>>> print(open('input.txt').read())   # compact mmCIF, C-alpha atoms
# COMPACT_ATOMS: atom_id res chain seq x y z
CA MET A 185 -47.71 -40.89 34.59
CA LYS A 186 -44.62 -39.16 35.87
CA CYS A 187 -42.48 -41.90 34.44
CA ASN A 188 -44.16 -41.60 31.05
CA LEU A 189 -43.72 -37.85 31.07
CA LEU A 190 -40.02 -38.24 31.74
CA LEU A 191 -39.63 -40.76 28.96
CA ILE A 192 -41.43 -38.51 26.53
CA LEU A 193 -39.31 -35.54 27.46
CA LEU A 194 -36.07 -37.45 27.34
CA SER A 195 -37.05 -38.71 23.92
CA ALA A 196 -37.70 -35.14 22.92
CA ILE A 197 -34.01 -34.50 23.11
CA ALA A 198 -33.77 -35.82 19.58
CA ALA A 199 -35.95 -32.94 18.50
CA ALA A 200 -32.82 -30.89 18.77
CA VAL A 201 -31.72 -32.04 15.35
CA PRO A 202 -34.28 -30.18 13.23
CA ALA A 203 -34.30 -27.20 15.54
CA ALA A 204 -30.59 -26.80 15.12
CA ALA A 205 -30.84 -27.06 11.39
CA HIS A 206 -33.37 -24.28 11.16
CA HIS A 207 -31.21 -21.47 12.39
CA ALA A 208 -27.76 -20.95 13.79
CA PHE A 209 -27.75 -20.56 17.55
CA ALA A 210 -24.76 -18.25 17.76
CA ALA A 211 -26.07 -15.51 15.48
CA GLU A 212 -29.28 -15.10 17.45
CA PHE A 213 -28.42 -15.85 21.06
CA ASP A 214 -25.58 -14.46 23.17
CA VAL A 215 -23.11 -17.07 24.27
CA ASN A 216 -21.92 -14.66 26.96
CA SER A 217 -25.36 -14.14 28.51
CA PRO A 218 -26.34 -17.35 30.25
CA VAL A 219 -29.59 -17.18 32.21
CA LYS A 220 -31.04 -19.32 34.96
CA VAL A 221 -34.54 -18.50 36.22
CA LYS A 222 -37.05 -20.19 38.49
CA GLY A 223 -40.74 -19.72 37.85
CA THR A 224 -44.13 -21.05 36.88
CA VAL A 225 -45.03 -22.21 33.40
CA THR A 226 -47.84 -20.08 31.94
CA LYS A 227 -48.13 -21.71 28.49
CA ILE A 228 -46.37 -23.63 25.75
CA GLU A 229 -46.87 -22.60 22.13
CA PHE A 230 -46.48 -25.30 19.49
CA THR A 231 -45.50 -23.02 16.61
CA ASN A 232 -43.05 -23.78 13.82
CA PRO A 233 -40.18 -23.42 13.38
CA HIS A 234 -39.83 -23.48 17.17
CA ALA A 235 -42.03 -24.18 20.13
CA TRP A 236 -41.91 -21.56 22.92
CA LEU A 237 -42.25 -22.09 26.65
CA TYR A 238 -43.48 -19.13 28.72
CA VAL A 239 -42.51 -18.87 32.38
CA ASP A 240 -43.56 -16.27 34.97
CA VAL A 241 -40.54 -15.24 37.02
CA LYS A 242 -40.84 -13.12 40.18
CA ASP A 243 -37.90 -10.91 41.13
CA ALA A 244 -36.81 -9.86 44.64
CA ASP A 245 -39.23 -6.92 44.58
CA GLY A 246 -42.15 -9.14 43.67
CA LYS A 247 -42.33 -7.89 40.09
CA VAL A 248 -43.35 -10.68 37.70
CA THR A 249 -41.79 -10.98 34.24
CA ASN A 250 -43.04 -13.45 31.66
CA TRP A 251 -39.94 -15.08 30.13
CA ARG A 252 -40.02 -16.84 26.77
CA PHE A 253 -37.74 -19.80 26.00
CA GLU A 254 -37.18 -21.28 22.53
CA LEU A 255 -37.59 -25.05 22.29
CA GLY A 256 -37.32 -27.52 19.40
CA ALA A 257 -39.57 -27.73 16.35
CA PRO A 258 -43.10 -28.93 17.09
CA ASN A 259 -43.22 -31.23 14.05
CA ALA A 260 -40.35 -33.15 15.59
CA LEU A 261 -41.74 -32.85 19.11
CA VAL A 262 -45.04 -34.38 17.99
CA ARG A 263 -43.25 -37.22 16.23
CA LEU A 264 -41.47 -37.93 19.50
CA GLY A 265 -44.71 -38.18 21.41
CA TRP A 266 -44.87 -34.68 22.86
CA LYS A 267 -48.26 -33.19 23.48
CA LYS A 268 -49.10 -29.58 24.14
CA ASP A 269 -49.80 -30.39 27.78
CA ALA A 270 -46.44 -32.13 28.35
CA ILE A 271 -45.47 -29.29 30.69
CA PRO A 272 -48.83 -27.90 31.80
CA ALA A 273 -49.39 -24.34 32.99
CA GLY A 274 -48.72 -24.11 36.69
CA THR A 275 -45.68 -26.41 36.62
CA GLU A 276 -42.80 -25.08 38.71
CA VAL A 277 -39.55 -25.13 36.74
CA THR A 278 -36.00 -23.90 36.87
CA ILE A 279 -34.80 -23.25 33.34
CA THR A 280 -31.38 -22.42 31.94
CA GLY A 281 -30.42 -21.04 28.57
CA PHE A 282 -28.81 -18.17 26.71
CA ARG A 283 -30.39 -14.77 26.26
CA ALA A 284 -31.40 -13.40 22.86
CA LYS A 285 -29.03 -10.73 21.59
CA ALA A 286 -31.59 -7.97 21.25
CA GLN A 287 -34.52 -8.96 23.46
CA GLU A 288 -35.22 -8.80 27.17
CA ALA A 289 -36.64 -11.89 28.88
CA VAL A 290 -36.19 -14.06 25.79
CA ALA A 291 -33.74 -16.95 25.65
CA ASN A 292 -32.81 -20.18 23.99
CA GLY A 293 -33.79 -22.97 26.35
CA ARG A 294 -31.01 -25.32 27.43
CA SER A 295 -32.52 -27.44 30.17
CA ILE A 296 -35.53 -27.51 32.45
CA THR A 297 -35.45 -28.82 36.02
CA LEU A 298 -38.75 -29.85 37.57
CA ALA A 299 -39.55 -29.30 41.25
CA ASP A 300 -38.64 -32.91 42.07
CA GLY A 301 -35.15 -32.44 40.62
CA ARG A 302 -35.58 -34.21 37.31
CA GLU A 303 -33.73 -32.40 34.52
CA LEU A 304 -35.26 -32.22 31.06
CA PHE A 305 -33.71 -30.95 27.88
CA THR A 306 -35.34 -28.57 25.54
CA GLY A 307 -34.51 -29.59 22.04
CA GLY A 308 -33.35 -26.05 21.39
CA SER A 309 -30.91 -24.86 18.76
CA GLY A 310 -27.83 -24.87 20.95
CA PRO A 311 -24.51 -26.66 20.53
CA GLY A 312 -24.52 -30.39 20.70
CA SER A 313 -27.96 -30.46 19.23
CA GLU A 314 -26.79 -31.49 15.78
CA GLY A 315 -26.35 -35.12 16.74
CA LYS A 316 -25.15 -37.44 14.06
CA ALA A 317 -27.78 -39.54 12.43
CA PRO A 318 -27.11 -43.22 13.00
CA GLU A 319 -25.87 -43.81 9.48
CA SER A 320 -23.39 -40.94 9.40
CA LYS A 321 -19.81 -41.83 8.59
CA MET B 988 -2.18 -60.99 -17.37
CA ARG B 989 -0.71 -61.10 -13.86
CA ARG B 990 2.81 -61.16 -15.32
CA PHE B 991 1.92 -58.20 -17.56
CA ILE B 992 0.72 -56.17 -14.60
CA ALA B 993 3.77 -57.10 -12.57
CA SER B 994 6.05 -55.86 -15.35
CA LEU B 995 4.54 -52.37 -15.21
CA PRO B 996 5.86 -49.56 -13.01
CA ARG B 997 4.22 -49.46 -9.59
CA VAL B 998 2.04 -46.49 -10.51
CA GLY B 999 0.76 -48.33 -13.56
CA GLN B 1000 0.02 -51.43 -11.48
CA ASP B 1001 -2.01 -49.38 -9.05
CA ALA B 1002 -3.94 -47.76 -11.87
CA ILE B 1003 -4.83 -51.10 -13.41
CA LEU B 1004 -5.78 -52.60 -10.07
CA ARG B 1005 -7.93 -49.56 -9.32
CA GLY B 1006 -9.56 -50.00 -12.72
CA VAL B 1007 -10.27 -53.67 -12.04
CA VAL B 1008 -11.69 -52.87 -8.62
CA ASN B 1009 -13.80 -50.04 -10.04
CA ALA B 1010 -15.09 -52.25 -12.82
CA ALA B 1011 -16.00 -54.93 -10.28
CA LEU B 1012 -17.76 -52.35 -8.14
CA SER B 1013 -19.64 -51.02 -11.17
CA VAL B 1014 -20.84 -54.53 -11.99
CA ALA B 1015 -21.87 -54.97 -8.36
CA VAL B 1016 -23.79 -51.68 -8.44
CA LEU B 1017 -25.49 -52.58 -11.71
CA HIS B 1018 -26.39 -55.95 -10.28
CA ALA B 1019 -27.77 -54.34 -7.14
CA GLN B 1020 -29.82 -51.93 -9.22
CA SER B 1021 -31.21 -54.59 -11.47
CA ALA B 1022 -32.07 -57.00 -8.67
CA TYR B 1023 -35.08 -55.00 -7.56
CA LYS B 1024 -37.95 -54.42 -9.96
CA PRO B 1025 -40.22 -51.62 -8.79
CA ASP B 1026 -43.91 -51.61 -9.62
CA ARG B 1027 -45.13 -49.32 -12.39
CA THR B 1028 -47.49 -46.40 -12.10
CA PRO B 1029 -50.49 -46.33 -14.50
CA ASP B 1030 -48.49 -44.18 -16.94
CA GLY B 1031 -45.54 -46.58 -16.84
CA GLN B 1032 -43.16 -44.81 -14.47
CA PRO B 1033 -41.12 -46.89 -12.00
CA ASP B 1034 -43.08 -46.40 -8.76
CA MET B 1035 -41.17 -44.73 -5.93
CA GLN B 1036 -44.13 -43.08 -4.25
CA GLY B 1037 -44.11 -42.73 -0.51
CA MET B 1038 -42.73 -40.83 2.43
CA TYR B 1039 -38.96 -40.66 2.89
CA THR B 1040 -36.26 -38.90 4.84
CA ARG B 1041 -33.19 -37.62 2.99
CA ASN B 1042 -29.75 -38.52 4.26
CA GLY B 1043 -26.20 -37.37 3.70
CA ILE B 1044 -26.76 -34.75 1.02
CA VAL B 1045 -24.69 -32.03 2.63
CA GLY B 1046 -21.06 -32.96 3.16
CA LEU B 1047 -18.20 -30.95 4.51
CA GLU B 1048 -15.44 -29.65 2.31
CA ALA B 1049 -11.86 -30.77 2.91
CA ASN B 1050 -10.95 -27.29 4.12
CA PRO B 1051 -14.14 -25.90 5.66
CA PRO B 1052 -14.22 -22.26 6.66
CA GLU B 1053 -14.11 -21.01 10.20
CA ASN B 1054 -17.76 -20.36 10.79
CA PRO B 1055 -18.80 -17.99 13.55
CA ILE B 1056 -22.36 -19.29 13.57
CA ASP B 1057 -21.30 -22.92 13.81
CA PRO B 1058 -22.54 -24.13 17.21
CA SER B 1059 -20.08 -27.01 17.49
CA ASP B 1060 -16.95 -27.04 19.64
CA LYS B 1061 -14.89 -26.31 16.52
CA ASN B 1062 -16.03 -22.72 16.98
CA ALA B 1063 -13.98 -20.94 19.64
CA LEU B 1064 -16.97 -18.74 20.45
CA SER B 1065 -19.33 -21.64 20.99
CA VAL B 1066 -20.87 -22.26 24.39
CA SER B 1067 -19.26 -25.65 24.05
CA ASN B 1068 -15.99 -23.94 24.91
CA ARG B 1069 -17.17 -21.87 27.87
CA GLY B 1070 -15.57 -24.08 30.49
CA ASP B 1071 -17.91 -22.90 33.25
CA GLY B 1072 -20.33 -25.80 33.31
CA LEU B 1073 -22.98 -24.09 31.23
CA GLY B 1074 -21.69 -25.51 28.00
CA PRO B 1075 -21.70 -27.66 26.06
CA TYR B 1076 -25.35 -28.46 25.85
CA PRO B 1077 -26.13 -31.91 27.19
CA GLY B 1078 -24.25 -34.52 25.21
CA ILE B 1079 -27.34 -36.66 25.01
CA PHE B 1080 -28.78 -34.30 22.39
CA GLY B 1081 -29.44 -36.03 19.13
CA GLN B 1082 -29.09 -39.54 20.49
CA GLY B 1083 -32.78 -40.23 20.79
CA GLY B 1084 -35.02 -41.54 18.06
CA THR B 1085 -37.97 -40.05 16.29
CA VAL B 1086 -40.59 -42.13 14.53
CA LEU B 1087 -38.70 -41.29 11.35
CA ARG B 1088 -35.45 -42.89 12.37
CA GLY B 1089 -36.43 -46.46 11.54
CA GLY B 1090 -36.22 -45.53 7.89
CA GLN B 1091 -32.84 -43.89 8.29
CA ARG B 1092 -31.38 -47.02 9.82
CA ARG B 1093 -32.39 -49.02 6.75
CA GLY B 1094 -29.96 -46.98 4.72
CA ALA B 1095 -27.23 -47.39 7.29
CA ASN B 1096 -26.93 -51.04 6.44
CA GLY B 1097 -26.15 -50.43 2.80
CA GLY B 1098 -22.77 -48.67 3.08
CA ARG B 1099 -24.08 -45.97 0.79
CA ARG B 1100 -22.10 -43.00 -0.48
CA THR B 1101 -22.80 -39.67 1.18
CA GLY B 1102 -21.51 -36.12 0.94
CA ILE B 1103 -19.18 -34.65 -1.65
CA VAL B 1104 -18.06 -37.43 -4.02
CA ASP B 1105 -16.55 -35.30 -6.80
CA PRO B 1106 -13.94 -33.99 -6.47
CA PRO B 1107 -12.82 -37.03 -4.48
CA ASP B 1108 -10.57 -34.91 -2.23
CA ARG B 1109 -13.58 -32.68 -1.37
CA ASN B 1110 -11.68 -29.50 -2.31
CA LEU B 1111 -14.38 -27.56 -4.13
CA PRO B 1112 -13.40 -25.84 -7.40
CA TRP B 1113 -13.98 -22.25 -6.27
CA LYS B 1114 -13.37 -19.50 -8.79
CA PRO B 1115 -10.48 -17.21 -7.85
CA GLY B 1116 -11.57 -14.93 -5.04
CA GLU B 1117 -14.95 -16.57 -4.45
CA ASP B 1118 -13.85 -18.78 -1.55
CA ALA B 1119 -12.35 -15.74 0.21
CA LYS B 1120 -15.58 -13.80 -0.37
CA ARG B 1121 -17.60 -16.66 1.07
CA ARG B 1122 -15.35 -16.83 4.16
CA GLN B 1123 -15.72 -13.08 4.74
CA PHE B 1124 -19.47 -13.36 4.29
CA LEU B 1125 -19.60 -15.97 7.06
CA LYS B 1126 -17.64 -13.68 9.38
CA ASP B 1127 -20.18 -10.94 8.71
CA MET B 1128 -23.02 -13.23 9.78
CA ASN B 1129 -22.14 -12.96 13.48
CA PRO B 1130 -22.94 -10.38 14.47
CA ALA B 1131 -25.11 -10.05 11.39
CA ALA B 1132 -23.94 -7.03 9.44
CA ASP B 1133 -27.38 -6.57 7.90
CA LEU B 1134 -30.42 -8.55 6.80
CA ARG B 1135 -28.52 -10.07 3.89
CA HIS B 1136 -26.20 -11.71 6.41
CA VAL B 1137 -28.99 -13.48 8.29
CA GLU B 1138 -29.04 -17.06 7.09
CA LEU B 1139 -31.80 -17.78 4.60
CA ASN B 1140 -33.34 -20.61 6.63
CA ALA B 1141 -33.74 -18.35 9.63
CA ARG B 1142 -35.63 -15.92 7.39
CA CYS B 1143 -38.05 -18.74 6.48
CA THR B 1144 -37.31 -18.59 2.76
CA LEU B 1145 -38.19 -21.61 0.64
CA PRO B 1146 -35.39 -24.13 1.01
CA GLY B 1147 -34.17 -24.60 -2.57
CA LEU B 1148 -32.84 -28.05 -3.36
CA PHE B 1149 -30.41 -28.39 -0.47
CA GLN B 1150 -32.02 -27.03 2.69
CA GLY B 1151 -34.80 -29.35 3.66
CA GLU B 1152 -33.80 -30.37 7.16
CA ASP B 1153 -32.66 -33.85 6.34
CA GLY B 1154 -33.52 -36.68 8.65
CA ASN B 1155 -36.30 -35.12 10.65
CA ASN B 1156 -38.66 -33.56 8.15
CA PRO B 1157 -39.79 -36.15 5.60
CA PHE B 1158 -40.34 -35.73 1.87
CA GLN B 1159 -43.34 -37.27 0.11
CA PHE B 1160 -42.95 -38.48 -3.49
CA LEU B 1161 -46.12 -38.50 -5.56
CA GLN B 1162 -46.30 -39.61 -9.18
CA ARG B 1163 -49.01 -38.47 -11.56
CA ALA B 1164 -49.26 -38.88 -15.29
CA GLY B 1165 -46.36 -36.92 -16.71
CA GLU B 1166 -44.97 -35.57 -13.46
CA VAL B 1167 -43.28 -36.37 -10.17
CA VAL B 1168 -44.18 -34.20 -7.20
CA LEU B 1169 -42.05 -33.80 -4.09
CA LEU B 1170 -43.87 -32.50 -1.04
CA TYR B 1171 -41.57 -31.12 1.64
CA ASP B 1172 -42.58 -31.35 5.29
CA TYR B 1173 -39.99 -28.63 5.96
CA ASN B 1174 -41.45 -25.23 5.23
CA HIS B 1175 -44.45 -26.96 3.68
CA THR B 1176 -43.27 -26.51 0.13
CA SER B 1177 -43.25 -28.59 -3.05
CA ARG B 1178 -41.49 -29.30 -6.33
CA VAL B 1179 -43.17 -30.43 -9.53
CA ILE B 1180 -40.85 -32.27 -11.93
CA HIS B 1181 -42.33 -32.26 -15.43
CA LEU B 1182 -41.80 -35.37 -17.55
CA ASP B 1183 -43.62 -34.19 -20.68
CA GLY B 1184 -40.60 -32.91 -22.54
CA ARG B 1185 -41.43 -29.24 -22.20
CA PRO B 1186 -38.58 -26.70 -22.41
CA HIS B 1187 -37.39 -24.76 -19.37
CA LEU B 1188 -39.06 -21.49 -18.47
CA GLY B 1189 -37.79 -18.23 -19.94
CA LYS B 1190 -34.60 -16.86 -18.42
CA ASN B 1191 -36.36 -13.92 -16.79
CA ILE B 1192 -38.32 -16.19 -14.41
CA ARG B 1193 -36.28 -16.95 -11.28
CA LEU B 1194 -37.49 -19.31 -8.56
CA PHE B 1195 -36.40 -20.56 -5.13
CA MET B 1196 -37.11 -24.17 -6.11
CA GLY B 1197 -36.06 -23.77 -9.74
CA ASP B 1198 -37.75 -25.18 -12.83
CA SER B 1199 -37.40 -28.97 -13.06
CA ILE B 1200 -37.61 -31.10 -16.19
CA GLY B 1201 -37.16 -34.85 -15.80
CA HIS B 1202 -37.07 -38.16 -17.60
CA TRP B 1203 -36.62 -41.79 -16.62
CA GLU B 1204 -33.50 -43.81 -17.56
CA GLY B 1205 -34.45 -47.32 -16.43
CA ASP B 1206 -35.20 -47.01 -12.72
CA THR B 1207 -33.38 -43.68 -12.43
CA LEU B 1208 -35.25 -40.38 -12.56
CA VAL B 1209 -32.93 -37.76 -14.07
CA VAL B 1210 -33.90 -34.16 -13.32
CA ASP B 1211 -32.47 -31.02 -14.88
CA THR B 1212 -33.21 -27.83 -12.91
CA THR B 1213 -32.55 -24.23 -13.90
CA ASN B 1214 -34.15 -20.80 -13.33
CA PHE B 1215 -33.02 -20.48 -9.70
CA ASN B 1216 -33.03 -17.09 -8.04
CA ASN B 1217 -30.00 -15.78 -6.15
CA ARG B 1218 -31.51 -16.49 -2.73
CA THR B 1219 -30.73 -20.14 -2.17
CA SER B 1220 -27.89 -21.71 -0.22
CA TYR B 1221 -26.08 -25.01 -0.07
CA SER B 1222 -25.32 -25.27 3.64
CA ARG B 1223 -24.36 -23.25 6.70
CA GLU B 1224 -20.79 -23.18 5.31
CA ILE B 1225 -21.85 -22.23 1.76
CA PRO B 1226 -24.47 -19.63 2.66
CA TYR B 1227 -25.35 -18.52 -0.87
CA LEU B 1228 -25.48 -19.79 -4.43
CA THR B 1229 -26.03 -17.67 -7.52
CA ASP B 1230 -28.84 -17.51 -10.07
CA GLN B 1231 -26.50 -19.25 -12.52
CA LEU B 1232 -27.03 -22.49 -10.58
CA HIS B 1233 -27.90 -25.48 -12.75
CA THR B 1234 -28.38 -28.90 -11.17
CA THR B 1235 -28.72 -32.44 -12.47
CA GLU B 1236 -30.19 -34.95 -10.05
CA ARG B 1237 -30.37 -38.72 -10.29
CA PHE B 1238 -32.95 -40.53 -8.15
CA THR B 1239 -32.28 -44.27 -8.46
CA ILE B 1240 -34.70 -46.77 -6.96
CA ALA B 1241 -32.40 -49.18 -5.11
CA ASP B 1242 -35.00 -51.32 -3.40
CA ALA B 1243 -38.45 -51.07 -1.84
CA ASN B 1244 -37.19 -48.71 0.87
CA ILE B 1245 -34.24 -46.79 -0.55
CA VAL B 1246 -33.84 -44.28 -3.36
CA ASP B 1247 -30.21 -43.41 -4.03
CA TYR B 1248 -29.59 -39.79 -4.88
CA GLU B 1249 -26.85 -37.82 -6.58
CA ILE B 1250 -26.80 -34.17 -7.55
CA THR B 1251 -24.39 -32.34 -9.83
CA ILE B 1252 -24.00 -28.71 -8.84
CA ASP B 1253 -22.98 -26.40 -11.65
CA ASP B 1254 -22.81 -22.78 -10.54
CA PRO B 1255 -20.41 -20.87 -12.81
CA GLY B 1256 -20.98 -17.81 -10.67
CA LEU B 1257 -18.95 -19.47 -7.89
CA PHE B 1258 -17.15 -22.53 -9.27
CA THR B 1259 -14.87 -23.32 -12.21
CA ARG B 1260 -16.50 -26.67 -12.85
CA PRO B 1261 -19.43 -28.80 -11.61
CA TRP B 1262 -19.13 -30.90 -8.46
CA ARG B 1263 -21.23 -33.78 -7.16
CA VAL B 1264 -22.84 -34.79 -3.91
CA ALA B 1265 -24.37 -38.18 -3.06
CA GLY B 1266 -26.94 -39.26 -0.52
CA TYR B 1267 -30.07 -41.35 -0.32
CA PHE B 1268 -33.72 -41.30 0.66
CA THR B 1269 -35.06 -43.92 3.05
CA ARG B 1270 -38.72 -44.79 3.44
CA VAL B 1271 -40.14 -43.91 6.85
CA PRO B 1272 -42.37 -46.27 8.82
CA LYS B 1273 -45.99 -46.57 7.75
CA GLY B 1274 -48.35 -44.05 9.26
CA VAL B 1275 -46.01 -41.06 9.13
CA GLU B 1276 -47.76 -38.11 7.55
CA SER B 1277 -46.59 -34.68 6.56
CA LEU B 1278 -47.43 -31.93 9.03
CA GLU B 1279 -47.90 -28.22 8.50
CA PHE B 1280 -44.69 -26.26 8.92
CA ALA B 1281 -45.64 -22.61 8.93
CA CYS B 1282 -42.19 -21.15 9.40
CA ALA B 1283 -43.16 -17.52 9.77
CA GLU B 1284 -45.62 -18.36 12.53
CA GLY B 1285 -43.16 -18.79 15.38
CA SER B 1286 -39.91 -17.44 13.97
CA GLN B 1287 -38.46 -14.78 16.24
CA THR B 1288 -35.03 -14.66 14.63
CA LEU B 1289 -35.09 -11.08 13.41
CA VAL B 1290 -36.35 -9.51 16.64
CA ASN B 1291 -33.97 -11.67 18.66
CA MET B 1292 -31.08 -10.38 16.56
CA PHE B 1293 -32.10 -6.79 15.83
CA GLY B 1294 -34.76 -5.97 18.43
CA GLN B 1295 -38.43 -5.04 18.15
CA PRO B 1296 -39.43 -2.64 15.39
CA PRO B 1297 -40.53 0.83 16.54
CA GLN B 1298 -44.10 0.81 17.89
CA ARG B 1299 -46.55 3.19 16.20
>>> encode(input="input.txt", output="structure tokens")
Amino acid sequence: MKCNLLLILLSAIAAAVPAAAHHAFAAEFDVNSPVKVKGTVTKIEFTNPHAWLYVDVKDADGKVTNWRFELGAPNALVRLGWKKDAIPAGTEVTITGFRAKAQEAVANGRSITLADGRELFTGGSGPGSEGKAPESK
Amino acid sequence: MRRFIASLPRVGQDAILRGVVNAALSVAVLHAQSAYKPDRTPDGQPDMQGMYTRNGIVGLEANPPENPIDPSDKNALSVSNRGDGLGPYPGIFGQGGTVLRGGQRRGANGGRRTGIVDPPDRNLPWKPGEDAKRRQFLKDMNPAADLRHVELNARCTLPGLFQGEDGNNPFQFLQRAGEVVLLYDYNHTSRVIHLDGRPHLGKNIRLFMGDSIGHWEGDTLVVDTTNFNNRTSYSREIPYLTDQLHTTERFTIADANIVDYEITIDDPGLFTRPWRVAGYFTRVPKGVESLEFACAEGSQTLVNMFGQPPQR
């Protein structure tokens, strides 16, 4: 099961292509505000044009903030074999990304690391996500 | 003949040789087009119905603008150039395969033309001042000076003829008596191409997807589209077109899996003459269906850029 999950999520990297095409990363997210948080997944929303992953993050004072990370487009995620429960609520994750320009606790997801150390990629709209199609010249 | 060519100046020799090569290629293309005989629909149209991805329609200019919203490492502001380990995004992005990719690979074997094919040097025929205006517009997109400078796709507008998220959101071709319908997976929109000889709509009606009138020339569907509004774009580098846009498309059935495509872009509001772009559609594997793409549902672009609206 774990192996299948990893394969599905690695495959999901290709979902980056449509996500990138939908909007430009740099106009919406701040390249100078990288974020790295550790927390517990509360839900994943499969909405177009982007899926969103919600993560509860506890700060040093014990205050919990629900962060929201942009992922790829669900149409592409589904075609790659993703299901809504690919990262179920309760999963412990460390997630990196870049903060939205005008929102608190909202970011473009870059990568997700599971508790056992496996790193997954989000299919977000960031650089490198516009991979060349195989036939490109 | 060989002696005649040899007696010409070198430039003349090259021109003749180019002509011979071009003629040979034309014959080869005609042969390739005639080799496949598509089925006919009940009303006699060549049958190209099915689900396809579109490939290679948008091609870069020879001298593309510096684009502050370009995420690639060509952009000095990109995270790709951070140098602190947080960028670039993992290089493995885009190397995987969706269920749609099988169809794209079919086209890869054909050596098909893609991108800007006319002018051959890919220097677009901008009207004086319009290229500079476009380059300034791009600069004003990051940070976005105002709503007008937020890219149209991110605002979930209908895609026009060029923005359709090639490669990962398929297009479905349907043919009914007297019309061809294109259903877009992207943004869940459609085009109806009328084949009944009707005239275009009146000039006061302006549309995102334009008004399309078509006819068949052999196995090529030729489509003339007018009546665009001024809220469509060509690409991230050409972020707007005008309502003077007039396009002519040629969909040519190449074989059972490929429809070659060419579009002539005539926008006298921006360019001194028409230019042409080539690409192709490739049939996706059986079983792929169009999915709902409700763009406004999950789009957070505006609040991410400008913040939440005041709460009442």
>>> residues_around(input="input.txt", residues="Trp251 of chain A", least_positions_apart="6", cutoff="7 Å", atoms="all atoms listed in the file", output="list in words")
Tyr238, Val239, Asp240, Val241, Ala289 and Val290 of chain A
>>> closest_residue(input="input.txt", among="B:Pro1051, B:Gly1294, B:Gly1285, B:Gly1266", to="Leu255 of chain A", atoms="all atoms listed in the file")
B:Gly1285
>>> atom_distance(input="input.txt", atom1="atom CA of Asp1254 of chain B", atom2="atom CA of Ala1132 of chain B")
25.5 Å
>>> closest_residue(input="input.txt", among="B:Asp1118, B:Asp1253, B:Asp1127, B:Glu1236", to="chain A", atoms="only C-alpha atoms")
B:Asp1127
>>> residues_around(input="input.txt", residues="segment 1100-1115 of chain B", least_positions_apart="6", cutoff="6 Å", atoms="all atoms listed in the file", output="PyMOL selection string")
chain B and resi 1043-1046+1048-1049+1257-1259+1262-1266
>>> residues_around(input="input.txt", residues="segment 1210-1213 of chain B", least_positions_apart="2", cutoff="7 Å", atoms="only C-alpha atoms", output="list in words")
Gly1197, Asp1198, Ser1199, Ile1200, Gly1201, His1202, Leu1208, Phe1215, Leu1232, His1233, Thr1234, Thr1235, Glu1236 and Arg1237 of chain B
